[in-house]
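Step one of this worksheet: look at the structure below.
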Number of protein chains: 2
Amino acid sequence: MKPYSELTREELLALKEELESAFEEIKGKGLKLDMSRGKPATAQLDMAEGLLGIVNTNDEVYTEDGTDCRNYGLLTGIPEAKKLFADICEVKPEQVIVYGNASLTVMFDAVSRAYTHGVAGCTPWSQLERVKFLCPVPGYDRHFAITEYFGIEMINVPMTPEGPDMDLVEKLVSEDEAVKGIWCVPKYSNPQGYSYSDETVRRFAALKPAAKDFRIYWDNAYCIHHLYEEEDRQDRILNILDECEKAGNPDMVYEFVSTSKVSYPGAGVAAMASSVNNLKEAERHMKFQIISHDKLNQLRHVRYFKNLDGVKAHMMKHAAIMRPKFETVLKVLEEELGGLGIGEWTKPNGGYFISFDAMEGCAKKIVAKAKEAGLVMTGAGATYPYGKDPKDSNIRIAPTYPTPEELAVAGKIFVLSVKLVSVEKLLNA
Amino acid sequence: MKPYSELTREELLALKEELESAFEEIKGKGLKLDMSRGKPATAQLDMAEGLLGIVNTNDEVYTEDGTDCRNYGLLTGIPEAKKLFADICEVKPEQVIVYGNASLTVMFDAVSRAYTHGVAGCTPWSQLERVKFLCPVPGYDRHFAITEYFGIEMINVPMTPEGPDMDLVEKLVSEDEAVKGIWCVPKYSNPQGYSYSDETVRRFAALKPAAKDFRIYWDNAYCIHHLYEEEDRQDRILNILDECEKAGNPDMVYEFVSTSKVSYPGAGVAAMASSVNNLKEAERHMKFQIISHDKLNQLRHVRYFKNLDGVKAHMMKHAAIMRPKFETVLKVLEEELGGLGIGEWTKPNGGYFISFDAMEGCAKKIVAKAKEAGLVMTGAGATYPYGKDPKDSNIRIAPTYPTPEELAVAGKIFVLSVKLVSVEKLLNA
């Protein structure tokens, strides 16, 4: 089929009628489908059944250094969990603090701590007139929500397949002392699935911030979340902590990871990797907040996964479930929208999302249309700070939670919605 | 033996020599004993072995409303955990939010939230010149540490066996808009083991605060932590939330509870009970922090304890282990210090501590002396804001962690230290 833009008004009108009839038919089925959040499917969670009862008796509750995981103690995590997360992040165990079940909380805390007590002896942000964060867009709505909640001004930085526009990042970070941070999902980015190039990571490490308390908030949420077994289809990124060290900026990064999409979203373990300096500062704060996180759950994870190889092997089981889902969606998009000139999308090697860019001004309408037929997508605009996509074109597709059968139908509803809204736009042009 | 104050100088000198020789003997044993923290003993934790693997298969991970506890969702806790904590706090389930493993974190968060975003639409504390908290003394060091960390000015309010001096509380709360809160451990208080009288609770509920954002931080840490089975030896306090409602102050209290000393200090579940209004405000904040707390651990607790009766029965097993320890310490104190006029102590029906008041100016020296012989006590002064006990007399005794055999020795070291330091004081008077 030829691009919609080359269709005559009559052809568009005929197409519209045809699409509307197809849409009404599918709408009539009263479906309830959800592609809104990056939620693992039940089948993925079922694979970690052995984790549930792996610490089962009183004899099994002790760490390798003899600490009773049931009692108080070990504020920064059990040694074996530090080791496991250090291996995941390719750092030393002393560069890791192990927390509770949510890396989002660790990120919120990092911002909240800077707001109430400041970073590295600098003025707490609550006492400053203006604080700014750079936000690569499209990006993760929950990151933007945290900075918005603390009244931090967010500045959009366009993403490219290599990572954020580094010319702009370098300029803003070096010129403006109010710029205190940047949100990054460096590998299999949310929502595009892009991974930062070596050059991008090196340019990050070599930043010369105007603000002494500038930090890179490096949310490595999908660091081991590949969709393919083949090494050449597994993205790799440079180790930002190493690169920062080499560049003379050892304290410039907080790296966040978790097992939310390894074991369980609701009962996993989160960690932060950073310089020993930064961790000491975090620990000074933490000792007022808690006596220790849930060490039994840390122990369960180490006992179940054993080591990095165990984690990687488990992630391949996830991939086996997720890959066909991504491929189903990509196939529908290619077959139904390929060559029509009404949308573009990414084809990631990992992570949890596909990013779709509709014609300008169409995203909100497409999401609304899909909802009419029972398909819930992430709200249009959610991938931008303040929920404002300046072009109203980006839509995040989260294909992991529905079953493959549901996905095939959801894909159909989605492409129909894209087509309908695009035809209407062209007719009204 | 007669009171030390009635001894002649010669008698005191002879006594000193005798005590020093006994002390040197025990010191020579190179003991390592710890009565510093309110830590349950291993035997107590061992009793909840069934909790560890109670959620063991994929079929067992669902709540009564069908939610998968492994996945995201249910921000404010699973329904059955809300019900259990509601029963513990004698409130309705909608008056409960269930959190992670530490009520300390919930308290820190409540203060941090007020500091960054304010309470009930009032100015965030970070933007105020002065914020004050009332601190019943002696009290819990970790409470005072939180308020000190946020630069909040702490005002001592003397404790009585009926609770804080309410004349002073009423005066300060009603006259000073800078007074935003008071830390309370209303039942089996830390460290005295006092429980607030009905009159005290009613006077709390009837407070007329000058500040609209004044809240009572009601840490009901020991609400079901009795040492005795007999009903007349179980302290009862009025339900503060009910009383506040009746008095027209429904939003004036945050109540904090946890299973840290029911199941596991390091892997329990914490909750906050309050008015629906207050919980809505807490939830608005929480949704930026986390997607959901560890619901599997909430589920484990409900499955294991079943209901309030199950929790109460379990607490009686704790009591059976703790009671002899408290009694051992109380017996040593009575036998060795009774009638000497060099110290007074409380005899609680529950909780985790015995409070000891030495002669003025002796607490620091006693704790240092005990340490010389290998016994670690809570630092003298810790029970007061800023670590400053104006009389240097209060010492917190935590008898739960050592074994009964260790306790007998620890008790001896303690009373020897008290006697020695007291004799020295009298000789130098």
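Labels for the structure tokens follow display order: chains A, B, ..., residues from 1 in each chain, ligands from 1.
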
Discussion item. Taking only C-alpha atoms into account, find every residue of chain A that has an atom no more than 8 Å from chain B, and write it out as a PyMOL selection string.
Written reply: chain A and resi 39-40+45-46+49-50+52-58+69-73+100-102+104-105+108-109+112+115-116+126-127+142+145-146+149-150+264-268+288-297

I need the chosen residues saved as a compact mmCIF listing (two decimals), in the first residue's frame, with N, CA and C atoms.
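Just written: out_38.txt:
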# COMPACT_ATOMS: atom_id res chain seq x y z
N LYS A 39 5.08 -4.37 33.05
CA LYS A 39 4.79 -5.35 34.10
C LYS A 39 5.13 -6.73 33.58
N PRO A 40 5.96 -7.49 34.29
CA PRO A 40 6.21 -8.86 33.84
C PRO A 40 4.92 -9.68 33.86
N LEU A 45 6.93 -14.62 36.35
CA LEU A 45 7.06 -14.70 37.81
C LEU A 45 7.04 -16.15 38.28
N ASP A 46 6.23 -16.95 37.60
CA ASP A 46 6.12 -18.36 37.98
C ASP A 46 7.47 -19.08 37.90
N GLU A 49 9.67 -19.74 41.13
CA GLU A 49 8.96 -20.38 42.25
C GLU A 49 9.91 -20.83 43.35
N GLY A 50 11.07 -21.32 42.95
CA GLY A 50 12.04 -21.82 43.92
C GLY A 50 12.54 -20.77 44.91
N LEU A 52 10.67 -18.66 46.52
CA LEU A 52 9.69 -18.41 47.59
C LEU A 52 10.09 -19.04 48.91
N GLY A 53 10.35 -20.33 48.86
CA GLY A 53 10.60 -21.03 50.13
C GLY A 53 12.04 -21.44 50.32
N ILE A 54 12.96 -20.74 49.66
CA ILE A 54 14.36 -21.21 49.68
C ILE A 54 15.02 -21.00 51.04
N VAL A 55 14.51 -20.04 51.81
CA VAL A 55 14.97 -19.90 53.20
C VAL A 55 13.81 -20.36 54.06
N ASN A 56 13.92 -21.57 54.56
CA ASN A 56 12.74 -22.27 55.05
C ASN A 56 12.84 -22.71 56.51
N THR A 57 14.06 -22.76 57.03
CA THR A 57 14.23 -23.22 58.41
C THR A 57 15.14 -22.25 59.18
N ASN A 58 15.09 -22.37 60.49
CA ASN A 58 15.89 -21.50 61.36
C ASN A 58 17.39 -21.61 61.09
N CYS A 69 19.79 -13.00 59.67
CA CYS A 69 19.05 -12.09 58.78
C CYS A 69 17.70 -11.68 59.36
N ARG A 70 17.23 -12.40 60.36
CA ARG A 70 15.93 -12.06 60.93
C ARG A 70 16.03 -10.88 61.88
N ASN A 71 17.22 -10.66 62.45
CA ASN A 71 17.35 -9.64 63.48
C ASN A 71 17.86 -8.32 62.91
N TYR A 72 18.05 -7.33 63.75
CA TYR A 72 18.59 -6.05 63.31
C TYR A 72 20.04 -6.21 62.86
N GLY A 73 20.54 -5.22 62.12
CA GLY A 73 21.95 -5.22 61.77
C GLY A 73 22.21 -5.19 60.28
N GLY A 100 15.71 -2.07 50.07
CA GLY A 100 14.48 -2.83 50.11
C GLY A 100 14.05 -3.28 48.72
N ASN A 101 12.74 -3.29 48.48
CA ASN A 101 12.26 -3.91 47.25
C ASN A 101 12.12 -2.98 46.06
N ALA A 102 12.48 -1.69 46.18
CA ALA A 102 12.15 -0.79 45.07
C ALA A 102 13.27 0.21 44.79
N LEU A 104 12.89 2.57 42.79
CA LEU A 104 12.22 3.87 42.73
C LEU A 104 12.36 4.60 44.07
N THR A 105 12.22 3.86 45.15
CA THR A 105 12.39 4.46 46.48
C THR A 105 13.81 4.98 46.68
N PHE A 108 14.00 8.19 44.69
CA PHE A 108 13.24 9.23 45.39
C PHE A 108 14.06 9.74 46.57
N ASP A 109 14.62 8.80 47.30
CA ASP A 109 15.42 9.13 48.47
C ASP A 109 16.64 9.97 48.12
N SER A 112 15.29 13.35 47.50
CA SER A 112 14.78 13.91 48.75
C SER A 112 15.93 14.29 49.69
N TYR A 115 17.46 17.39 48.59
CA TYR A 115 16.54 18.49 48.87
C TYR A 115 16.59 18.91 50.34
N THR A 116 16.67 17.92 51.24
CA THR A 116 16.62 18.25 52.66
C THR A 116 18.00 18.51 53.26
N SER A 126 16.31 22.57 48.99
CA SER A 126 15.13 23.26 49.53
C SER A 126 15.43 24.73 49.82
N GLN A 127 16.72 25.07 49.93
CA GLN A 127 17.09 26.45 50.25
C GLN A 127 17.58 27.21 49.01
N ARG A 142 7.94 8.01 35.80
CA ARG A 142 8.12 8.05 37.27
C ARG A 142 9.38 8.85 37.66
N ALA A 145 8.16 12.39 37.47
CA ALA A 145 7.21 12.66 38.57
C ALA A 145 7.96 13.04 39.85
N ILE A 146 9.06 12.37 40.13
CA ILE A 146 9.84 12.67 41.34
C ILE A 146 10.36 14.11 41.27
N TYR A 149 7.67 16.64 41.61
CA TYR A 149 7.14 16.69 42.98
C TYR A 149 7.98 17.58 43.88
N PHE A 150 9.29 17.63 43.62
CA PHE A 150 10.17 18.47 44.43
C PHE A 150 10.36 19.86 43.83
N TYR A 264 10.86 -10.57 41.31
CA TYR A 264 9.48 -10.10 41.44
C TYR A 264 9.40 -8.57 41.53
N PRO A 265 8.51 -7.95 40.77
CA PRO A 265 8.34 -6.49 40.89
C PRO A 265 7.93 -6.07 42.29
N GLY A 266 7.11 -6.88 42.93
CA GLY A 266 6.59 -6.50 44.23
C GLY A 266 7.39 -7.02 45.41
N ALA A 267 8.39 -7.83 45.16
CA ALA A 267 9.12 -8.44 46.28
C ALA A 267 10.55 -8.76 45.89
N GLY A 268 11.16 -7.83 45.17
CA GLY A 268 12.55 -8.00 44.76
C GLY A 268 13.48 -7.27 45.70
N PHE A 288 19.37 7.19 59.94
CA PHE A 288 18.23 7.79 60.62
C PHE A 288 16.90 7.18 60.16
N GLN A 289 16.95 6.52 59.02
CA GLN A 289 15.72 6.03 58.39
C GLN A 289 15.35 4.61 58.76
N ILE A 290 16.35 3.81 59.03
CA ILE A 290 16.08 2.38 59.14
C ILE A 290 17.22 1.71 59.91
N ILE A 291 16.93 0.58 60.54
CA ILE A 291 18.00 -0.15 61.22
C ILE A 291 18.61 -1.16 60.26
N SER A 292 17.76 -1.82 59.49
CA SER A 292 18.25 -2.59 58.35
C SER A 292 17.08 -2.93 57.43
N HIS A 293 17.39 -3.07 56.16
CA HIS A 293 16.37 -3.50 55.21
C HIS A 293 16.09 -4.99 55.39
N ASP A 294 15.17 -5.52 54.60
CA ASP A 294 14.77 -6.92 54.74
C ASP A 294 15.91 -7.82 54.26
N LYS A 295 16.71 -8.28 55.23
CA LYS A 295 17.86 -9.09 54.88
C LYS A 295 17.48 -10.52 54.49
N LEU A 296 16.34 -11.00 55.00
CA LEU A 296 15.90 -12.34 54.62
C LEU A 296 15.63 -12.38 53.12
N ASN A 297 15.03 -11.31 52.60
CA ASN A 297 14.74 -11.31 51.18
C ASN A 297 16.02 -11.18 50.35

Worksheet item: Quick one: of B:Glu20, B:Leu330, B:Ala282, B:Pro138, who's nearest to Asp392 (chain B), counting only C-alpha atoms?
Response: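 For Asp392 (chain B), the nearest of the candidates is B:Pro138.
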
Worksheet item: Of the residues A:Lys180, A:Lys29, A:His225, A:Lys212, which is the one nearest to Val311 (chain A), using only C-alpha atoms?
Response: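 Of A:Lys180, A:Lys29, A:His225, A:Lys212, the one nearest Val311 (chain A), counting only C-alpha atoms, is A:His225.
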
Practice prompt. As an NGL selection string, please: all residues of region 176-421 of chain B that backbone DSSP puts in strand (DSSP E or B).
Written response: :B and (179-184 or 215-219 or 226 or 253-258 or 270-273 or 343-345 or 350 or 354-358 or 375-377 or 394-397)

Could you dump the residues just selected with N, CA and C atoms as a compact mmCIF listing (two decimals), in the first residue's frame?
# COMPACT_ATOMS: atom_id res chain seq x y z
N VAL B 179 5.49 24.66 67.51
CA VAL B 179 5.43 23.28 68.00
C VAL B 179 4.58 22.45 67.04
N LYS B 180 5.24 21.55 66.30
CA LYS B 180 4.56 20.80 65.24
C LYS B 180 4.33 19.35 65.58
N GLY B 181 4.93 18.89 66.68
CA GLY B 181 4.76 17.48 66.96
C GLY B 181 5.25 17.09 68.34
N ILE B 182 4.89 15.88 68.73
CA ILE B 182 5.40 15.30 69.97
C ILE B 182 5.63 13.81 69.72
N TRP B 183 6.76 13.33 70.17
CA TRP B 183 7.06 11.89 70.07
C TRP B 183 6.46 11.17 71.28
N CYS B 184 5.67 10.15 71.04
CA CYS B 184 5.09 9.38 72.16
C CYS B 184 5.31 7.89 71.95
N ARG B 215 0.95 17.41 64.88
CA ARG B 215 0.53 16.01 64.91
C ARG B 215 1.20 15.31 66.10
N ILE B 216 0.49 14.32 66.65
CA ILE B 216 1.05 13.47 67.69
C ILE B 216 1.67 12.25 66.99
N TYR B 217 2.95 12.05 67.17
CA TYR B 217 3.64 10.91 66.56
C TYR B 217 3.63 9.78 67.58
N TRP B 218 2.61 8.94 67.44
CA TRP B 218 2.21 7.94 68.43
C TRP B 218 2.83 6.60 68.07
N ASP B 219 4.01 6.35 68.59
CA ASP B 219 4.74 5.13 68.24
C ASP B 219 4.32 4.00 69.16
N HIS B 226 3.20 -7.65 75.99
CA HIS B 226 3.06 -7.88 77.43
C HIS B 226 4.08 -8.91 77.91
N VAL B 253 -3.42 12.61 64.87
CA VAL B 253 -2.49 11.54 65.27
C VAL B 253 -2.02 10.70 64.09
N TYR B 254 -0.72 10.41 64.08
CA TYR B 254 -0.18 9.32 63.26
C TYR B 254 0.23 8.22 64.23
N GLU B 255 -0.35 7.04 64.06
CA GLU B 255 0.03 5.92 64.93
C GLU B 255 0.90 4.94 64.14
N PHE B 256 2.01 4.54 64.73
CA PHE B 256 2.95 3.64 64.06
C PHE B 256 3.04 2.31 64.80
N VAL B 257 2.99 1.23 64.05
CA VAL B 257 3.16 -0.10 64.64
C VAL B 257 3.98 -0.97 63.69
N SER B 258 4.44 -2.08 64.20
CA SER B 258 5.16 -3.01 63.32
C SER B 258 5.22 -4.38 63.97
N ALA B 270 5.59 -3.14 58.75
CA ALA B 270 5.21 -1.96 59.52
C ALA B 270 3.93 -1.36 58.97
N ALA B 271 3.24 -0.58 59.79
CA ALA B 271 2.00 0.04 59.34
C ALA B 271 1.79 1.37 60.03
N MET B 272 0.98 2.21 59.40
CA MET B 272 0.55 3.45 60.04
C MET B 272 -0.96 3.44 60.10
N ALA B 273 -1.50 3.84 61.25
CA ALA B 273 -2.95 3.99 61.40
C ALA B 273 -3.22 5.47 61.64
N GLY B 343 20.07 4.41 93.57
CA GLY B 343 19.46 4.20 92.26
C GLY B 343 17.99 3.81 92.38
N GLU B 344 17.23 4.15 91.37
CA GLU B 344 15.83 3.73 91.30
C GLU B 344 15.59 3.15 89.92
N TRP B 345 14.62 2.25 89.85
CA TRP B 345 14.36 1.63 88.56
C TRP B 345 12.89 1.29 88.40
N GLY B 350 5.63 -4.86 80.47
CA GLY B 350 5.81 -5.20 79.06
C GLY B 350 6.87 -4.32 78.43
N ILE B 354 14.06 -1.66 80.92
CA ILE B 354 13.96 -1.21 82.30
C ILE B 354 14.74 0.10 82.36
N SER B 355 14.17 1.09 82.99
CA SER B 355 14.86 2.38 83.09
C SER B 355 15.47 2.50 84.47
N PHE B 356 16.73 2.91 84.51
CA PHE B 356 17.44 3.03 85.78
C PHE B 356 17.89 4.47 85.97
N ASP B 357 17.59 5.03 87.14
CA ASP B 357 18.07 6.37 87.45
C ASP B 357 19.10 6.29 88.56
N ALA B 358 20.33 6.64 88.21
CA ALA B 358 21.42 6.65 89.19
C ALA B 358 21.42 7.99 89.92
N LEU B 375 30.74 -5.14 79.54
CA LEU B 375 29.29 -5.04 79.38
C LEU B 375 28.93 -3.74 78.66
N VAL B 376 28.32 -3.88 77.48
CA VAL B 376 27.91 -2.71 76.72
C VAL B 376 26.47 -2.34 77.08
N MET B 377 26.29 -1.11 77.58
CA MET B 377 24.95 -0.59 77.86
C MET B 377 24.63 0.46 76.80
N ASN B 394 20.08 8.95 83.90
CA ASN B 394 19.27 7.87 83.34
C ASN B 394 20.07 6.87 82.51
N ILE B 395 19.80 5.59 82.76
CA ILE B 395 20.43 4.51 81.99
C ILE B 395 19.34 3.55 81.54
N ARG B 396 19.37 3.21 80.24
CA ARG B 396 18.39 2.26 79.72
C ARG B 396 18.96 0.86 79.77
N ILE B 397 18.22 -0.05 80.39
CA ILE B 397 18.65 -1.45 80.45
C ILE B 397 17.81 -2.27 79.47

Item to complete: Name all residues at most 10 Å from region 11-17 of chain A (count only C-alpha atoms; drop same-chain ones fewer than 5 positions away) and give them as a VMD selection string.
Response: chain A and resid 4 to 6 22 to 23 419 to 424 426 to 427

Discussion item. Residues within 10 Å of Lys83 (chain A), please, as a list in words. Count only C-alpha atoms; anything in the same chain fewer than 2 positions from it doesn't count.
Written reply: Ile78, Pro79, Glu80, Ala81, Phe85, Ala86, Asp87, Ile88, Cys89, Glu90, Val91, Lys92, Pro93, Glu94, Gln95, Val96, Val98, Val302, Asn307 and Leu308 of chain A

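Taking only C-alpha atoms, the non-local environment of Ile240 (chain A) within 7 Å (same-chain residues fewer than 4 positions away omitted) comprises Val201, Ala205 and Cys244 of chain A.
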
Item to complete: Please provide the set of residues having any atom within 7 Å of Ile155 (chain B), restricted to only C-alpha atoms, with same-chain residues fewer than 5 positions apart removed, written as a ChimeraX atom specification.
Response: /B:133-135

Write the residues you've just listed into a file as a tab-separated table (two decimals), in the first residue's frame, and include N, CA, C and O atoms for each of them.
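Final output, out-v9.tsv:
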chain	number	residue	atom	x	y	z
B	133	PHE	N	9.65	20.27	68.36
B	133	PHE	CA	8.98	19.03	68.76
B	133	PHE	C	9.09	18.90	70.28
B	133	PHE	O	10.13	19.22	70.86
B	134	LEU	N	8.04	18.38	70.87
B	134	LEU	CA	8.11	18.05	72.29
B	134	LEU	C	8.62	16.61	72.43
B	134	LEU	O	8.18	15.72	71.70
B	135	CYS	N	9.50	16.41	73.35
B	135	CYS	CA	10.11	15.11	73.55
B	135	CYS	C	9.97	14.67	75.00
B	135	CYS	O	10.73	15.15	75.86

Fill in: Selection: 12 Å around Asp389 (chain A), only C-alpha atoms, excl. self and same-chain fewer than 5 positions, as a ChimeraX atom specification
/A:137-139,141,156,158,357-358,360-364,379-384,394-395

Selection file, all heavy atoms, as a tab-separated table (two decimals), in the first residue's frame:
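Saved result, selection-v4.tsv, follows:
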chain	number	residue	atom	x	y	z
A	137	VAL	N	14.34	12.89	26.52
A	137	VAL	CA	12.96	12.57	26.12
A	137	VAL	C	12.93	11.89	24.76
A	137	VAL	O	13.74	12.20	23.91
A	137	VAL	CB	12.09	13.84	26.06
A	137	VAL	CG1	11.83	14.36	27.44
A	137	VAL	CG2	12.72	14.92	25.16
A	138	PRO	N	12.00	10.94	24.60
A	138	PRO	CA	11.06	10.47	25.62
A	138	PRO	C	11.80	9.71	26.72
A	138	PRO	O	12.88	9.18	26.50
A	138	PRO	CB	10.13	9.55	24.82
A	138	PRO	CG	10.94	9.09	23.66
A	138	PRO	CD	11.85	10.23	23.32
A	139	GLY	N	11.17	9.67	27.91
A	139	GLY	CA	11.78	9.01	29.05
A	139	GLY	C	10.74	8.39	29.97
A	139	GLY	O	9.60	8.18	29.56
A	141	ASP	N	8.21	8.13	32.99
A	141	ASP	CA	7.30	9.06	33.69
A	141	ASP	C	7.55	9.13	35.20
A	141	ASP	O	7.42	10.20	35.81
A	141	ASP	CB	5.82	8.74	33.39
A	141	ASP	CG	5.42	7.31	33.69
A	141	ASP	OD1	6.31	6.48	33.99
A	141	ASP	OD2	4.21	7.00	33.62
A	156	ASN	N	13.93	19.40	28.74
A	156	ASN	CA	13.96	18.29	27.78
A	156	ASN	C	15.29	18.25	27.02
A	156	ASN	O	15.78	19.28	26.56
A	156	ASN	CB	12.85	18.45	26.74
A	156	ASN	CG	11.46	18.28	27.34
A	156	ASN	OD1	11.33	18.01	28.53
A	156	ASN	ND2	10.43	18.43	26.52
A	158	PRO	N	16.71	15.95	23.79
A	158	PRO	CA	16.26	14.91	22.85
A	158	PRO	C	17.14	13.67	22.90
A	158	PRO	O	18.36	13.75	23.05
A	158	PRO	CB	16.42	15.59	21.47
A	158	PRO	CG	16.58	17.04	21.73
A	158	PRO	CD	17.15	17.17	23.10
A	357	ASP	N	6.26	6.56	17.40
A	357	ASP	CA	6.03	7.97	17.11
A	357	ASP	C	5.01	8.11	15.99
A	357	ASP	O	5.26	7.73	14.84
A	357	ASP	CB	7.34	8.67	16.70
A	357	ASP	CG	8.19	8.97	17.92
A	357	ASP	OD1	7.64	9.45	18.93
A	357	ASP	OD2	9.41	8.69	17.88
A	358	ALA	N	3.85	8.65	16.36
A	358	ALA	CA	2.78	8.88	15.38
A	358	ALA	C	3.02	10.20	14.66
A	358	ALA	O	3.99	10.92	14.95
A	358	ALA	CB	1.45	8.91	16.10
A	360	GLU	N	2.51	14.06	13.98
A	360	GLU	CA	2.37	15.11	14.99
A	360	GLU	C	0.90	15.36	15.33
A	360	GLU	O	0.05	15.39	14.44
A	360	GLU	CB	3.01	16.40	14.46
A	360	GLU	CG	3.99	16.98	15.45
A	360	GLU	CD	4.69	18.24	14.96
A	360	GLU	OE1	5.55	18.13	14.07
A	360	GLU	OE2	4.35	19.33	15.48
A	361	GLY	N	0.64	15.51	16.60
A	361	GLY	CA	-0.72	15.85	17.05
A	361	GLY	C	-1.67	14.67	17.11
A	361	GLY	O	-2.87	14.83	17.31
A	362	CYS	N	-1.15	13.45	16.95
A	362	CYS	CA	-2.03	12.28	16.90
A	362	CYS	C	-1.98	11.37	18.13
A	362	CYS	O	-2.86	10.53	18.31
A	362	CYS	CB	-1.69	11.44	15.67
A	362	CYS	SG	-2.18	12.24	14.13
A	363	ALA	N	-0.96	11.50	18.97
A	363	ALA	CA	-0.75	10.51	20.03
A	363	ALA	C	-1.94	10.43	21.00
A	363	ALA	O	-2.46	9.34	21.27
A	363	ALA	CB	0.54	10.81	20.79
A	364	LYS	N	-2.36	11.57	21.50
A	364	LYS	CA	-3.48	11.59	22.46
A	364	LYS	C	-4.72	10.95	21.85
A	364	LYS	O	-5.42	10.17	22.50
A	364	LYS	CB	-3.81	13.03	22.86
A	364	LYS	CG	-2.97	13.57	24.00
A	364	LYS	CD	-3.67	14.83	24.54
A	364	LYS	CE	-2.91	15.65	25.51
A	364	LYS	NZ	-1.65	15.27	26.04
A	379	GLY	N	-0.62	6.61	29.01
A	379	GLY	CA	-1.16	7.90	28.61
A	379	GLY	C	-0.21	8.64	27.67
A	379	GLY	O	1.00	8.68	27.91
A	380	ALA	N	-0.75	9.19	26.58
A	380	ALA	CA	0.11	9.97	25.68
A	380	ALA	C	0.64	11.17	26.45
A	380	ALA	O	-0.07	11.78	27.23
A	380	ALA	CB	-0.68	10.41	24.45
A	381	GLY	N	1.89	11.48	26.24
A	381	GLY	CA	2.50	12.59	26.98
A	381	GLY	C	3.29	12.11	28.18
A	381	GLY	O	4.17	12.80	28.68
A	382	ALA	N	2.97	10.91	28.67
A	382	ALA	CA	3.60	10.41	29.89
A	382	ALA	C	5.11	10.28	29.76
A	382	ALA	O	5.83	10.31	30.75
A	382	ALA	CB	3.01	9.05	30.27
A	383	THR	N	5.59	10.16	28.53
A	383	THR	CA	7.03	9.98	28.35
A	383	THR	C	7.79	11.31	28.35
A	383	THR	O	8.99	11.34	28.11
A	383	THR	CB	7.32	9.22	27.04
A	383	THR	OG1	6.64	9.90	25.97
A	383	THR	CG2	6.80	7.80	27.12
A	384	TYR	N	7.06	12.40	28.61
A	384	TYR	CA	7.68	13.72	28.67
A	384	TYR	C	7.45	14.37	30.03
A	384	TYR	O	6.41	14.15	30.66
A	384	TYR	CB	7.08	14.63	27.57
A	384	TYR	CG	7.69	14.37	26.22
A	384	TYR	CD1	7.33	13.24	25.49
A	384	TYR	CD2	8.66	15.22	25.69
A	384	TYR	CE1	7.91	12.97	24.25
A	384	TYR	CE2	9.24	14.97	24.46
A	384	TYR	CZ	8.85	13.85	23.74
A	384	TYR	OH	9.44	13.59	22.53
A	394	ASN	N	4.49	10.81	20.70
A	394	ASN	CA	5.11	9.60	21.25
A	394	ASN	C	4.13	8.75	22.07
A	394	ASN	O	3.39	9.26	22.91
A	394	ASN	CB	6.33	9.97	22.11
A	394	ASN	CG	7.11	8.75	22.56
A	394	ASN	OD1	7.07	8.37	23.73
A	394	ASN	ND2	7.78	8.10	21.64
A	395	ILE	N	4.17	7.45	21.80
A	395	ILE	CA	3.35	6.49	22.56
A	395	ILE	C	4.25	5.34	23.00
A	395	ILE	O	5.01	4.80	22.20
A	395	ILE	CB	2.19	5.93	21.70
A	395	ILE	CG1	1.26	7.07	21.28
A	395	ILE	CG2	1.42	4.86	22.46
A	395	ILE	CD1	0.19	6.65	20.28

Discussion item. Write out as a PyMOL selection string the set of residues from region 127-307 of chain B that DSSP, computed on the backbone, places in helix (DSSP H, G or I).
Written reply: chain B and resi 127+141-149+166-175+198-205+231-233+240-246+276-289+295-305

Fill in: Among listed residues A:Met159, A:Ala211, A:Glu335, A:Ala43, nearest His318 (chain A) (using only C-alpha atoms)
A:Ala43
